[in-house]
$ cat input_20.cif   # mmCIF, C-alpha atoms and all ligand atoms
data_input
#
loop_
_atom_site.group_PDB
_atom_site.id
_atom_site.type_symbol
_atom_site.label_atom_id
_atom_site.label_comp_id
_atom_site.auth_asym_id
_atom_site.auth_seq_id
_atom_site.Cartn_x
_atom_site.Cartn_y
_atom_site.Cartn_z
ATOM 1 C CA MET W 24 -17.646 13.946 1.783
ATOM 2 C CA ILE W 25 -19.597 11.585 -0.400
ATOM 3 C CA HIS W 26 -21.624 9.955 2.402
ATOM 4 C CA GLU W 27 -22.315 13.154 4.324
ATOM 5 C CA ILE W 28 -25.850 13.664 3.081
ATOM 6 C CA ALA W 29 -27.495 15.259 6.152
ATOM 7 C CA PRO W 30 -30.264 16.240 6.640
ATOM 8 C CA HIS W 31 -31.131 13.246 4.435
ATOM 9 C CA SER W 32 -30.854 9.785 5.916
ATOM 10 C CA TYR W 33 -29.516 6.626 4.319
ATOM 11 C CA ASP W 34 -31.134 3.300 5.208
ATOM 12 C CA PRO W 35 -29.309 0.245 3.792
ATOM 13 C CA GLU W 36 -31.622 -2.360 5.364
ATOM 14 C CA TYR W 37 -32.670 -4.887 2.737
ATOM 15 C CA ARG W 38 -36.416 -5.159 2.273
ATOM 16 C CA LYS W 39 -38.956 -6.672 -0.067
ATOM 17 C CA ARG W 40 -40.526 -3.583 -1.519
ATOM 18 C CA LYS W 41 -42.089 -2.921 -4.904
ATOM 19 C CA PRO W 42 -40.788 0.148 -6.727
ATOM 20 C CA LEU W 43 -43.102 3.159 -6.889
ATOM 21 C CA ASP W 44 -43.305 5.614 -9.789
ATOM 22 C CA GLU W 45 -41.435 8.304 -7.860
ATOM 23 C CA ASP W 46 -38.595 6.001 -6.746
ATOM 24 C CA THR W 47 -35.187 6.304 -8.375
ATOM 25 C CA ALA W 48 -33.800 4.024 -11.084
ATOM 26 C CA LEU W 49 -30.080 3.283 -11.090
ATOM 27 C CA ILE W 50 -29.053 1.905 -14.472
ATOM 28 C CA TYR W 51 -25.438 1.081 -15.208
ATOM 29 C CA SER W 52 -24.012 -0.034 -18.502
ATOM 30 C CA GLY W 53 -20.642 -1.737 -18.706
ATOM 31 C CA LYS W 54 -17.956 0.859 -19.077
ATOM 32 C CA ALA W 55 -20.417 3.494 -20.328
ATOM 33 C CA GLY W 56 -21.366 4.424 -16.797
ATOM 34 C CA ILE W 57 -24.579 5.484 -15.148
ATOM 35 C CA LEU W 58 -27.760 6.653 -16.872
ATOM 36 C CA THR W 59 -28.742 10.243 -16.076
ATOM 37 C CA ILE W 60 -31.383 12.501 -17.515
ATOM 38 C CA CYS W 61 -30.814 16.168 -18.250
ATOM 39 C CA LYS W 62 -33.746 18.079 -16.733
ATOM 40 C CA GLU W 63 -34.192 21.746 -15.898
ATOM 41 C CA GLY W 64 -30.567 22.636 -16.498
ATOM 42 C CA THR W 65 -29.113 19.875 -14.416
ATOM 43 C CA PHE W 66 -28.347 16.148 -14.531
ATOM 44 C CA CYS W 67 -30.566 13.887 -12.416
ATOM 45 C CA LEU W 68 -31.066 10.216 -11.825
ATOM 46 C CA PRO W 69 -34.215 9.061 -13.637
ATOM 47 C CA ALA W 70 -37.338 8.124 -11.697
ATOM 48 C CA ILE W 71 -38.953 4.729 -12.293
ATOM 49 C CA LYS W 72 -41.742 6.504 -14.208
ATOM 50 C CA ASP W 73 -39.175 8.211 -16.507
ATOM 51 C CA ILE W 74 -37.933 4.780 -17.544
ATOM 52 C CA SER W 75 -41.482 3.458 -18.041
ATOM 53 C CA ASN W 76 -42.226 6.495 -20.232
ATOM 54 C CA LEU W 77 -39.048 5.876 -22.186
ATOM 55 C CA PHE W 78 -40.470 2.518 -23.275
ATOM 56 C CA ILE W 79 -43.814 4.038 -24.214
ATOM 57 C CA GLU W 80 -42.228 6.841 -26.275
ATOM 58 C CA GLU W 81 -39.408 4.919 -27.899
ATOM 59 C CA LEU W 82 -41.005 1.536 -28.490
ATOM 60 C CA PRO W 83 -44.685 2.325 -29.149
ATOM 61 C CA GLU W 84 -45.290 -0.652 -31.428
ATOM 62 C CA LYS W 85 -43.621 -3.245 -29.273
ATOM 63 C CA GLU W 86 -44.871 -5.039 -26.254
ATOM 64 C CA ILE W 87 -43.822 -2.957 -23.302
ATOM 65 C CA PRO W 88 -41.894 -5.044 -20.779
ATOM 66 C CA ASP W 89 -42.666 -4.681 -17.093
ATOM 67 C CA ILE W 90 -39.439 -3.071 -15.984
ATOM 68 C CA THR W 91 -40.354 -3.162 -12.321
ATOM 69 C CA SER W 92 -40.554 -6.959 -12.130
ATOM 70 C CA GLU W 93 -36.769 -7.286 -12.367
ATOM 71 C CA ALA W 94 -35.930 -4.176 -10.319
ATOM 72 C CA TYR W 95 -33.503 -4.972 -7.480
ATOM 73 C CA PHE W 96 -34.001 -3.048 -4.244
ATOM 74 C CA LEU W 97 -30.828 -1.230 -3.203
ATOM 75 C CA PHE W 98 -31.565 1.160 -0.320
ATOM 76 C CA MET W 99 -33.716 4.042 0.859
ATOM 77 C CA ILE W 100 -32.758 7.691 1.164
ATOM 78 C CA ASP W 101 -35.480 9.341 3.246
ATOM 79 C CA ASP W 102 -38.759 8.027 1.754
ATOM 80 C CA THR W 103 -37.379 7.317 -1.723
ATOM 81 C CA GLY W 104 -36.468 3.797 -2.767
ATOM 82 C CA TYR W 105 -33.457 3.211 -5.051
ATOM 83 C CA TYR W 106 -33.573 0.283 -7.481
ATOM 84 C CA GLN W 107 -31.127 -1.179 -9.916
ATOM 85 C CA LEU W 108 -32.636 -1.870 -13.319
ATOM 86 C CA GLU W 109 -31.233 -3.583 -16.372
ATOM 87 C CA LEU W 110 -32.521 -2.149 -19.636
ATOM 88 C CA PRO W 111 -33.463 -4.839 -22.143
ATOM 89 C CA GLU W 112 -31.279 -5.136 -25.208
ATOM 90 C CA CYS W 113 -34.089 -3.751 -27.416
ATOM 91 C CA ILE W 114 -34.061 -0.392 -25.697
ATOM 92 C CA ASN W 115 -30.310 -0.133 -25.353
ATOM 93 C CA LYS W 116 -30.100 -0.732 -29.105
ATOM 94 C CA GLU W 117 -32.876 1.522 -30.298
ATOM 95 C CA VAL W 118 -32.674 4.517 -28.003
ATOM 96 C CA SER W 119 -29.945 6.946 -28.904
ATOM 97 C CA PHE W 120 -28.410 7.453 -25.513
ATOM 98 C CA VAL W 121 -25.648 9.978 -25.383
ATOM 99 C CA LYS W 122 -22.393 8.626 -24.003
ATOM 100 C CA THR W 123 -19.900 10.939 -22.380
ATOM 101 C CA THR W 124 -16.274 10.139 -21.820
ATOM 102 C CA ASP W 125 -13.992 11.615 -19.206
ATOM 103 C CA GLU W 126 -12.707 14.025 -21.832
ATOM 104 C CA ASN W 127 -16.119 15.369 -22.861
ATOM 105 C CA PRO W 128 -17.269 18.463 -21.050
ATOM 106 C CA VAL W 129 -20.693 17.942 -19.523
ATOM 107 C CA LYS W 130 -22.815 20.803 -20.789
ATOM 108 C CA THR W 131 -26.458 20.875 -19.851
ATOM 109 C CA ASP W 132 -27.432 23.091 -22.804
ATOM 110 C CA LEU W 133 -26.228 20.425 -25.243
ATOM 111 C CA TYR W 134 -28.110 17.589 -23.607
ATOM 112 C CA LYS W 135 -31.428 19.150 -22.619
ATOM 113 C CA GLY W 136 -34.121 16.470 -22.226
ATOM 114 C CA LYS W 137 -31.745 13.652 -23.204
ATOM 115 C CA TYR W 138 -30.673 10.489 -21.478
ATOM 116 C CA ILE W 139 -26.958 10.299 -20.964
ATOM 117 C CA TYR W 140 -24.700 7.462 -19.916
ATOM 118 C CA MET W 141 -22.075 9.261 -17.905
ATOM 119 C CA SER W 142 -18.811 7.741 -16.700
ATOM 120 C CA ILE W 143 -18.855 7.147 -12.961
ATOM 121 C CA HIS W 144 -15.810 9.419 -12.570
ATOM 122 C CA ARG W 145 -17.615 12.239 -14.350
ATOM 123 C CA PHE W 146 -20.793 11.543 -12.370
ATOM 124 C CA ARG W 147 -18.997 12.028 -9.056
ATOM 125 C CA GLU W 148 -18.326 15.658 -9.974
ATOM 126 C CA LEU W 149 -22.057 16.444 -10.103
ATOM 127 C CA ASN W 150 -24.394 17.830 -7.472
ATOM 128 C CA PRO W 151 -26.211 17.326 -5.177
ATOM 129 C CA VAL W 152 -24.123 15.115 -2.902
ATOM 130 C CA PRO W 153 -26.948 12.666 -1.958
ATOM 131 C CA MET W 154 -27.402 11.864 -5.669
ATOM 132 C CA VAL W 155 -23.680 11.189 -6.122
ATOM 133 C CA PHE W 156 -23.659 9.063 -2.977
ATOM 134 C CA ALA W 157 -26.641 7.053 -4.280
ATOM 135 C CA GLY W 158 -24.969 6.510 -7.673
ATOM 136 C CA ALA W 159 -21.671 5.403 -6.112
ATOM 137 C CA THR W 160 -23.288 3.127 -3.528
ATOM 138 C CA GLY W 161 -25.561 1.544 -6.124
ATOM 139 C CA PHE W 162 -22.481 1.011 -8.318
ATOM 140 C CA HIS W 163 -20.825 -0.950 -5.496
ATOM 141 C CA ILE W 164 -23.864 -3.223 -5.040
ATOM 142 C CA ARG W 165 -24.313 -3.639 -8.793
ATOM 143 C CA ASN W 166 -20.676 -4.727 -9.240
ATOM 144 C CA TRP W 167 -21.014 -7.193 -6.375
ATOM 145 C CA ARG W 168 -24.210 -8.635 -7.888
ATOM 146 C CA GLY W 169 -22.360 -9.161 -11.159
ATOM 147 C CA ASN W 170 -19.696 -11.185 -9.327
ATOM 148 C CA VAL W 171 -22.061 -13.548 -7.490
ATOM 149 C CA ARG W 172 -24.362 -14.696 -10.281
ATOM 150 C CA PHE W 173 -22.718 -18.108 -9.942
ATOM 151 C CA CYS W 174 -21.686 -19.863 -6.753
ATOM 152 C CA GLY W 175 -18.007 -19.497 -5.880
ATOM 153 C CA CYS W 176 -18.029 -22.990 -4.318
ATOM 154 C CA CYS W 177 -19.815 -25.211 -6.839
ATOM 155 C CA GLY W 178 -20.480 -22.997 -9.870
ATOM 156 C CA ALA W 179 -24.293 -23.364 -9.834
ATOM 157 C CA ILE W 180 -26.627 -20.425 -10.366
ATOM 158 C CA THR W 181 -27.447 -18.256 -7.341
ATOM 159 C CA LYS W 182 -30.652 -16.370 -6.537
ATOM 160 C CA PRO W 183 -31.291 -13.320 -4.362
ATOM 161 C CA SER W 184 -32.147 -14.101 -0.747
ATOM 162 C CA ASP W 185 -35.693 -13.167 0.273
ATOM 163 C CA THR W 186 -34.638 -11.989 3.703
ATOM 164 C CA GLU W 187 -31.251 -10.271 3.489
ATOM 165 C CA ARG W 188 -28.837 -8.651 1.055
ATOM 166 C CA ALA W 189 -27.227 -11.831 -0.158
ATOM 167 C CA PHE W 190 -27.230 -14.345 -3.005
ATOM 168 C CA VAL W 191 -27.807 -18.002 -2.207
ATOM 169 C CA CYS W 192 -26.592 -20.937 -4.287
ATOM 170 C CA THR W 193 -29.484 -22.963 -5.724
ATOM 171 C CA LYS W 194 -27.461 -26.192 -5.396
ATOM 172 C CA CYS W 195 -25.196 -26.141 -2.323
ATOM 173 C CA GLY W 196 -26.767 -23.273 -0.349
ATOM 174 C CA TYR W 197 -23.596 -21.192 -0.088
ATOM 175 C CA THR W 198 -24.528 -17.585 0.724
ATOM 176 C CA ALA W 199 -22.559 -14.686 -0.757
ATOM 177 C CA TYR W 200 -22.712 -11.335 1.053
ATOM 178 C CA PRO W 201 -21.534 -7.946 -0.268
ATOM 179 C CA GLN W 202 -17.843 -7.317 0.176
ATOM 180 C CA VAL W 203 -16.238 -4.116 1.346
ATOM 181 C CA ALA W 204 -12.460 -3.774 1.017
ATOM 182 C CA PRO W 205 -10.877 -1.618 3.752
ATOM 183 C CA ALA W 206 -8.142 0.740 2.597
ATOM 184 C CA VAL W 207 -6.081 3.247 4.588
ATOM 185 C CA ILE W 208 -5.203 6.761 3.440
ATOM 186 C CA VAL W 209 -2.723 8.876 5.377
ATOM 187 C CA ALA W 210 -1.726 12.538 5.480
ATOM 188 C CA VAL W 211 1.967 12.426 6.464
ATOM 189 C CA THR W 212 3.288 15.789 7.617
ATOM 190 C CA ASN W 213 6.825 17.037 8.161
ATOM 191 C CA LYS W 214 6.568 20.246 10.230
ATOM 192 C CA ASP W 215 4.846 22.682 7.819
ATOM 193 C CA LYS W 216 4.895 20.333 4.820
ATOM 194 C CA ILE W 217 2.696 17.467 3.633
ATOM 195 C CA LEU W 218 3.623 14.440 1.549
ATOM 196 C CA LEU W 219 1.817 14.208 -1.810
ATOM 197 C CA VAL W 220 2.327 11.504 -4.417
ATOM 198 C CA ARG W 221 1.207 10.564 -7.902
ATOM 199 C CA ASN W 222 0.145 6.969 -8.304
ATOM 200 C CA LEU W 223 1.100 5.189 -11.530
ATOM 201 C CA ARG W 224 -1.838 2.786 -11.380
ATOM 202 C CA ARG W 225 -4.606 5.366 -11.170
ATOM 203 C CA PRO W 226 -6.419 6.062 -14.441
ATOM 204 C CA GLN W 227 -5.995 9.778 -13.807
ATOM 205 C CA ASN W 228 -2.448 9.694 -12.523
ATOM 206 C CA VAL W 229 -2.097 13.421 -13.027
ATOM 207 C CA ARG W 230 -3.575 14.073 -9.593
ATOM 208 C CA LEU W 231 -1.588 14.583 -6.451
ATOM 209 C CA GLU W 232 -2.807 12.314 -3.685
ATOM 210 C CA LEU W 233 -2.015 11.070 -0.219
ATOM 211 C CA VAL W 234 -0.379 7.696 0.343
ATOM 212 C CA SER W 235 -3.040 4.982 0.406
ATOM 213 C CA GLY W 236 -3.476 1.249 0.018
ATOM 214 C CA TYR W 237 -5.599 -1.768 0.854
ATOM 215 C CA VAL W 238 -5.404 -3.451 4.232
ATOM 216 C CA GLU W 239 -3.908 -6.928 3.970
ATOM 217 C CA VAL W 240 -5.455 -10.016 5.592
ATOM 218 C CA GLY W 241 -4.446 -10.281 9.253
ATOM 219 C CA GLU W 242 -3.323 -6.668 9.489
ATOM 220 C CA SER W 243 -4.606 -3.871 11.770
ATOM 221 C CA PHE W 244 -5.429 -0.545 10.104
ATOM 222 C CA GLU W 245 -2.514 1.150 11.862
ATOM 223 C CA HIS W 246 -0.139 -1.558 10.740
ATOM 224 C CA ALA W 247 -1.341 -1.003 7.175
ATOM 225 C CA VAL W 248 -0.638 2.730 7.521
ATOM 226 C CA HIS W 249 2.973 2.053 8.625
ATOM 227 C CA ARG W 250 3.493 -0.524 5.889
ATOM 228 C CA GLU W 251 2.049 1.525 3.011
ATOM 229 C CA VAL W 252 4.109 4.614 3.890
ATOM 230 C CA LEU W 253 7.279 2.546 4.219
ATOM 231 C CA GLU W 254 6.606 0.675 0.957
ATOM 232 C CA GLU W 255 5.580 3.666 -1.196
ATOM 233 C CA VAL W 256 7.986 6.358 0.016
ATOM 234 C CA GLY W 257 10.477 4.646 2.366
ATOM 235 C CA LEU W 258 9.552 6.731 5.420
ATOM 236 C CA HIS W 259 8.985 5.817 9.067
ATOM 237 C CA ILE W 260 6.079 7.599 10.778
ATOM 238 C CA LYS W 261 4.878 8.376 14.315
ATOM 239 C CA ASN W 262 1.860 9.908 16.093
ATOM 240 C CA ILE W 263 -0.668 8.106 13.871
ATOM 241 C CA ARG W 264 -4.164 9.406 14.565
ATOM 242 C CA PHE W 265 -7.519 8.350 13.157
ATOM 243 C CA TYR W 266 -9.096 11.171 11.157
ATOM 244 C CA LYS W 267 -12.328 9.921 9.554
ATOM 245 C CA ASP W 268 -13.633 6.979 7.545
ATOM 246 C CA GLN W 269 -15.661 6.941 4.363
ATOM 247 C CA PRO W 270 -17.517 4.417 2.205
ATOM 248 C CA TRP W 271 -16.171 4.525 -1.356
ATOM 249 C CA GLY W 272 -18.494 2.522 -3.555
ATOM 250 C CA ILE W 273 -16.801 3.585 -6.794
ATOM 251 C CA SER W 274 -14.031 1.072 -6.097
ATOM 252 C CA GLY W 275 -15.883 -1.104 -3.565
ATOM 253 C CA ALA W 276 -13.568 0.135 -0.835
ATOM 254 C CA HIS W 277 -13.978 1.721 2.551
ATOM 255 C CA MET W 278 -11.371 4.434 3.158
ATOM 256 C CA ILE W 279 -10.003 4.880 6.662
ATOM 257 C CA GLY W 280 -8.207 8.223 6.962
ATOM 258 C CA TYR W 281 -5.271 8.897 9.286
ATOM 259 C CA THR W 282 -2.817 11.679 9.979
ATOM 260 C CA ALA W 283 0.807 10.974 10.914
ATOM 261 C CA GLU W 284 4.184 12.718 11.246
ATOM 262 C CA VAL W 285 7.438 11.645 9.695
ATOM 263 C CA ASP W 286 9.731 9.940 12.212
ATOM 264 C CA GLY W 287 13.444 10.665 11.723
ATOM 265 C CA ASP W 288 14.938 10.786 8.206
ATOM 266 C CA ASP W 289 12.605 12.660 5.774
ATOM 267 C CA ASN W 290 14.431 11.543 2.637
ATOM 268 C CA ILE W 291 11.865 10.005 0.257
ATOM 269 C CA ILE W 292 12.662 6.693 -1.451
ATOM 270 C CA ARG W 293 9.947 6.191 -4.051
ATOM 271 C CA GLN W 294 8.492 2.766 -4.953
ATOM 272 C CA GLU W 295 9.110 3.104 -8.683
ATOM 273 C CA ASP W 296 6.556 0.589 -9.959
ATOM 274 C CA GLU W 297 3.723 2.291 -8.047
ATOM 275 C CA ILE W 298 4.577 5.951 -7.443
ATOM 276 C CA SER W 299 5.633 8.248 -10.291
ATOM 277 C CA GLU W 300 6.331 11.252 -8.078
ATOM 278 C CA ALA W 301 6.536 11.959 -4.327
ATOM 279 C CA LYS W 302 7.433 15.241 -2.683
ATOM 280 C CA TRP W 303 6.987 17.382 0.445
ATOM 281 C CA TYR W 304 4.699 20.352 -0.272
ATOM 282 C CA SER W 305 4.338 23.484 1.862
ATOM 283 C CA ARG W 306 0.838 24.981 2.221
ATOM 284 C CA ASP W 307 1.556 27.603 -0.461
ATOM 285 C CA GLU W 308 2.948 25.045 -2.906
ATOM 286 C CA ILE W 309 -0.151 22.818 -2.991
ATOM 287 C CA PRO W 310 -1.608 23.389 -6.454
ATOM 288 C CA GLU W 311 -5.240 24.293 -7.121
ATOM 289 C CA TYR W 312 -7.149 21.408 -5.623
ATOM 290 C CA ARG W 313 -10.837 20.679 -5.964
ATOM 291 C CA ASN W 314 -12.703 18.921 -3.200
ATOM 292 C CA ARG W 315 -13.793 15.650 -4.799
ATOM 293 C CA LEU W 316 -15.911 14.572 -1.847
ATOM 294 C CA SER W 317 -13.201 12.226 -0.652
ATOM 295 C CA VAL W 318 -11.482 11.952 2.702
ATOM 296 C CA GLY W 319 -8.115 12.394 0.920
ATOM 297 C CA SER W 320 -9.184 15.671 -0.748
ATOM 298 C CA GLU W 321 -10.584 16.908 2.538
ATOM 299 C CA MET W 322 -7.323 16.290 4.410
ATOM 300 C CA ILE W 323 -5.226 18.001 1.711
ATOM 301 C CA LEU W 324 -7.522 21.044 1.651
ATOM 302 C CA LYS W 325 -7.571 21.260 5.436
ATOM 303 C CA PHE W 326 -3.780 21.165 5.522
ATOM 304 C CA ARG W 327 -3.605 23.947 2.940
ATOM 305 C CA GLU W 328 -5.923 26.065 5.074
ATOM 306 C CA GLY W 329 -3.765 25.449 8.143
ATOM 307 C CA LYS W 330 -6.440 23.338 9.846
ATOM 308 C CA LEU W 331 -4.699 19.976 9.864
HETATM 309 ZN ZN ZN Z 1 -22.958 -23.740 -4.679
#
$ encode --input "input_20.cif" --output "structure tokens" --more "lines below"
Ligand SMILES: [Zn+2]
Amino acid sequence: MIHEIAPHSYDPEYRKRKPLDEDTALIYSGKAGILTICKEGTFCLPAIKDISNLFIEELPEKEIPDITSEAYFLFMIDDTGYYQLELPECINKEVSFVKTTDENPVKTDLYKGKYIYMSIHRFRELNPVPMVFAGATGFHIRNWRGNVRFCGCCGAITKPSDTERAFVCTKCGYTAYPQVAPAVIVAVTNKDKILLVRNLRRPQNVRLELVSGYVEVGESFEHAVHREVLEEVGLHIKNIRFYKDQPWGISGAHMIGYTAEVDGDDNIIRQEDEISEAKWYSRDEIPEYRNRLSVGSEMILKFREGKL
């Protein structure tokens, strides 16, 4: 799964640390995605020095800005620091970055030596896993930073805290911390079958998924599991068991995976404004299914292999 990066270790502790040349730069651009560089037949995250060199090569006549002064420390993986950088308008305008869309195939031979803004959904298909984890986790922090530039209480400008991962209001002192939204995902089985659905709201609603949904305020995770299954497919469930949890920075969520069995009537009543299709699938009927490093994919694949 996306956060299973052993033998590497993730250290989220906030620290005041200057970026080094070999540290990693995470650069996101609106809907265009995350900046990667195509090196040695594969897509990588650029190092800080790659970005410095980009300025030297692309803007030789202009004053080279100090990109490290505005770098925001994100986290460490082993001894490498990860920093979020914003590229100045001048470079975003003048450098011909390639932009991929979800439809474009990502071919390394086409993009050799180039910088590519890749959609976050395309990025998550890449390897190695620690790189994908870093990109997704940085994306979560970057989106949060974008939402706390101004104080939610009084509207004044905020500034980063010197001591912790937080933004502090310059006028009233309100402190905004990163937010993680818990969501449950559940593999409901019915003897030798599993319930798979297609969600109308997902951008790629062609995929079969497990029932999932955000935990409401005041609710326990298990209560949310019961409620989501009843709402989306009209089923009662029993024998709910915790499976595994997973940070999911792409949507700012934290997925909590459960297994459960249908209780009583197995007739599905679909929530039409949310679910376009819902059906019981036997192991043999589950279509070709790639592991997308998610707890949901893992549970479906394990069921197909007879291990769930
Ligand atoms: Zn304020």
$ residues_around --input "input_20.cif" --residues "Phe173 in chain W" --least-positions-apart "3" --cutoff "12 Å" --atoms "all atoms listed in the file" --output "VMD selection string"
chain W and resid 167 to 170 176 to 183 190 to 199
$ write_last_selection --input "input_20.cif" --atoms "C-alpha atoms" --output "short mmCIF file (atom, residue, chain, number, x, y, z; two decimals), in the coordinates of the input"
data_model
loop_
_atom_site.label_atom_id
_atom_site.label_comp_id
_atom_site.auth_asym_id
_atom_site.auth_seq_id
_atom_site.Cartn_x
_atom_site.Cartn_y
_atom_site.Cartn_z
CA TRP W 167 -21.01 -7.19 -6.38
CA ARG W 168 -24.21 -8.64 -7.89
CA GLY W 169 -22.36 -9.16 -11.16
CA ASN W 170 -19.70 -11.18 -9.33
CA CYS W 176 -18.03 -22.99 -4.32
CA CYS W 177 -19.82 -25.21 -6.84
CA GLY W 178 -20.48 -23.00 -9.87
CA ALA W 179 -24.29 -23.36 -9.83
CA ILE W 180 -26.63 -20.42 -10.37
CA THR W 181 -27.45 -18.26 -7.34
CA LYS W 182 -30.65 -16.37 -6.54
CA PRO W 183 -31.29 -13.32 -4.36
CA PHE W 190 -27.23 -14.34 -3.00
CA VAL W 191 -27.81 -18.00 -2.21
CA CYS W 192 -26.59 -20.94 -4.29
CA THR W 193 -29.48 -22.96 -5.72
CA LYS W 194 -27.46 -26.19 -5.40
CA CYS W 195 -25.20 -26.14 -2.32
CA GLY W 196 -26.77 -23.27 -0.35
CA TYR W 197 -23.60 -21.19 -0.09
CA THR W 198 -24.53 -17.58 0.72
CA ALA W 199 -22.56 -14.69 -0.76
#
$ resolve_selection --input "input_20.cif" --expression "the PyMOL selection byres (((chain W and resi 47) around 7) and not hetatm)" --output "list in words"
Glu45, Asp46, Ala48, Leu49, Leu68, Pro69, Ala70, Ile71, Gly104, Tyr105 and Tyr106 of chain W
$ closest_residue --input "input_20.cif" --among "W:Gly275, W:Gly241, W:Arg172, W:Arg250" --to "ligand ZN 1 (chain Z)" --atoms "all atoms listed in the file"
W:Arg172
$ atom_distance --input "input_20.cif" --atom1 "CA of Asp215 in chain W" --atom2 "CA of Arg306 in chain W"
7.3 Å
$ residues_near_point --input "input_20.cif" --point "(1.3, 9.8, -2.7)" --cutoff "12 Å" --atoms "only C-alpha atoms" --output "NGL selection string"
:W and (208-211 or 217-225 or 228-236 or 251-258 or 291-295 or 297-304 or 319 or 323)
$ atom_distance --input "input_20.cif" --atom1 "CA of Met322 in chain W" --atom2 "CA of Met141 in chain W"
27.7 Å
$ atom_distance --input "input_20.cif" --atom1 "CA of Asp89 in chain W" --atom2 "CA of Pro111 in chain W"
10.5 Å
$ closest_residue --input "input_20.cif" --among "W:Val171, W:Asp34, W:Arg327, W:Val318" --to "ligand ZN 1 (chain Z)" --atoms "all atoms listed in the file"
W:Val171
$ closest_residue --input "input_20.cif" --among "W:Arg147, W:Arg315, W:His26, W:His277" --to "Ile57 in chain W" --atoms "only C-alpha atoms"
W:Arg147
$ closest_residue --input "input_20.cif" --among "W:Val240, W:Ile309, W:Cys174, W:Ile28" --to "ligand ZN 1 (chain Z)" --atoms "all atoms listed in the file"
W:Cys174
$ resolve_selection --input "input_20.cif" --expression "the PyMOL selection byres (((chain W and resi 160) around 9) and not hetatm)" --output "VMD selection string"
chain W and resid 97 155 to 159 161 to 165 270 to 273 275
$ write_last_selection --input "input_20.cif" --atoms "C-alpha atoms" --output "JSON list (two decimals), keeping the file's coordinate frame"
[["chain", "number", "residue", "atom", "x", "y", "z"],
["W", 97, "LEU", "CA", -30.83, -1.23, -3.20],
["W", 155, "VAL", "CA", -23.68, 11.19, -6.12],
["W", 156, "PHE", "CA", -23.66, 9.06, -2.98],
["W", 157, "ALA", "CA", -26.64, 7.05, -4.28],
["W", 158, "GLY", "CA", -24.97, 6.51, -7.67],
["W", 159, "ALA", "CA", -21.67, 5.40, -6.11],
["W", 161, "GLY", "CA", -25.56, 1.54, -6.12],
["W", 162, "PHE", "CA", -22.48, 1.01, -8.32],
["W", 163, "HIS", "CA", -20.82, -0.95, -5.50],
["W", 164, "ILE", "CA", -23.86, -3.22, -5.04],
["W", 165, "ARG", "CA", -24.31, -3.64, -8.79],
["W", 270, "PRO", "CA", -17.52, 4.42, 2.20],
["W", 271, "TRP", "CA", -16.17, 4.53, -1.36],
["W", 272, "GLY", "CA", -18.49, 2.52, -3.56],
["W", 273, "ILE", "CA", -16.80, 3.58, -6.79],
["W", 275, "GLY", "CA", -15.88, -1.10, -3.56]]
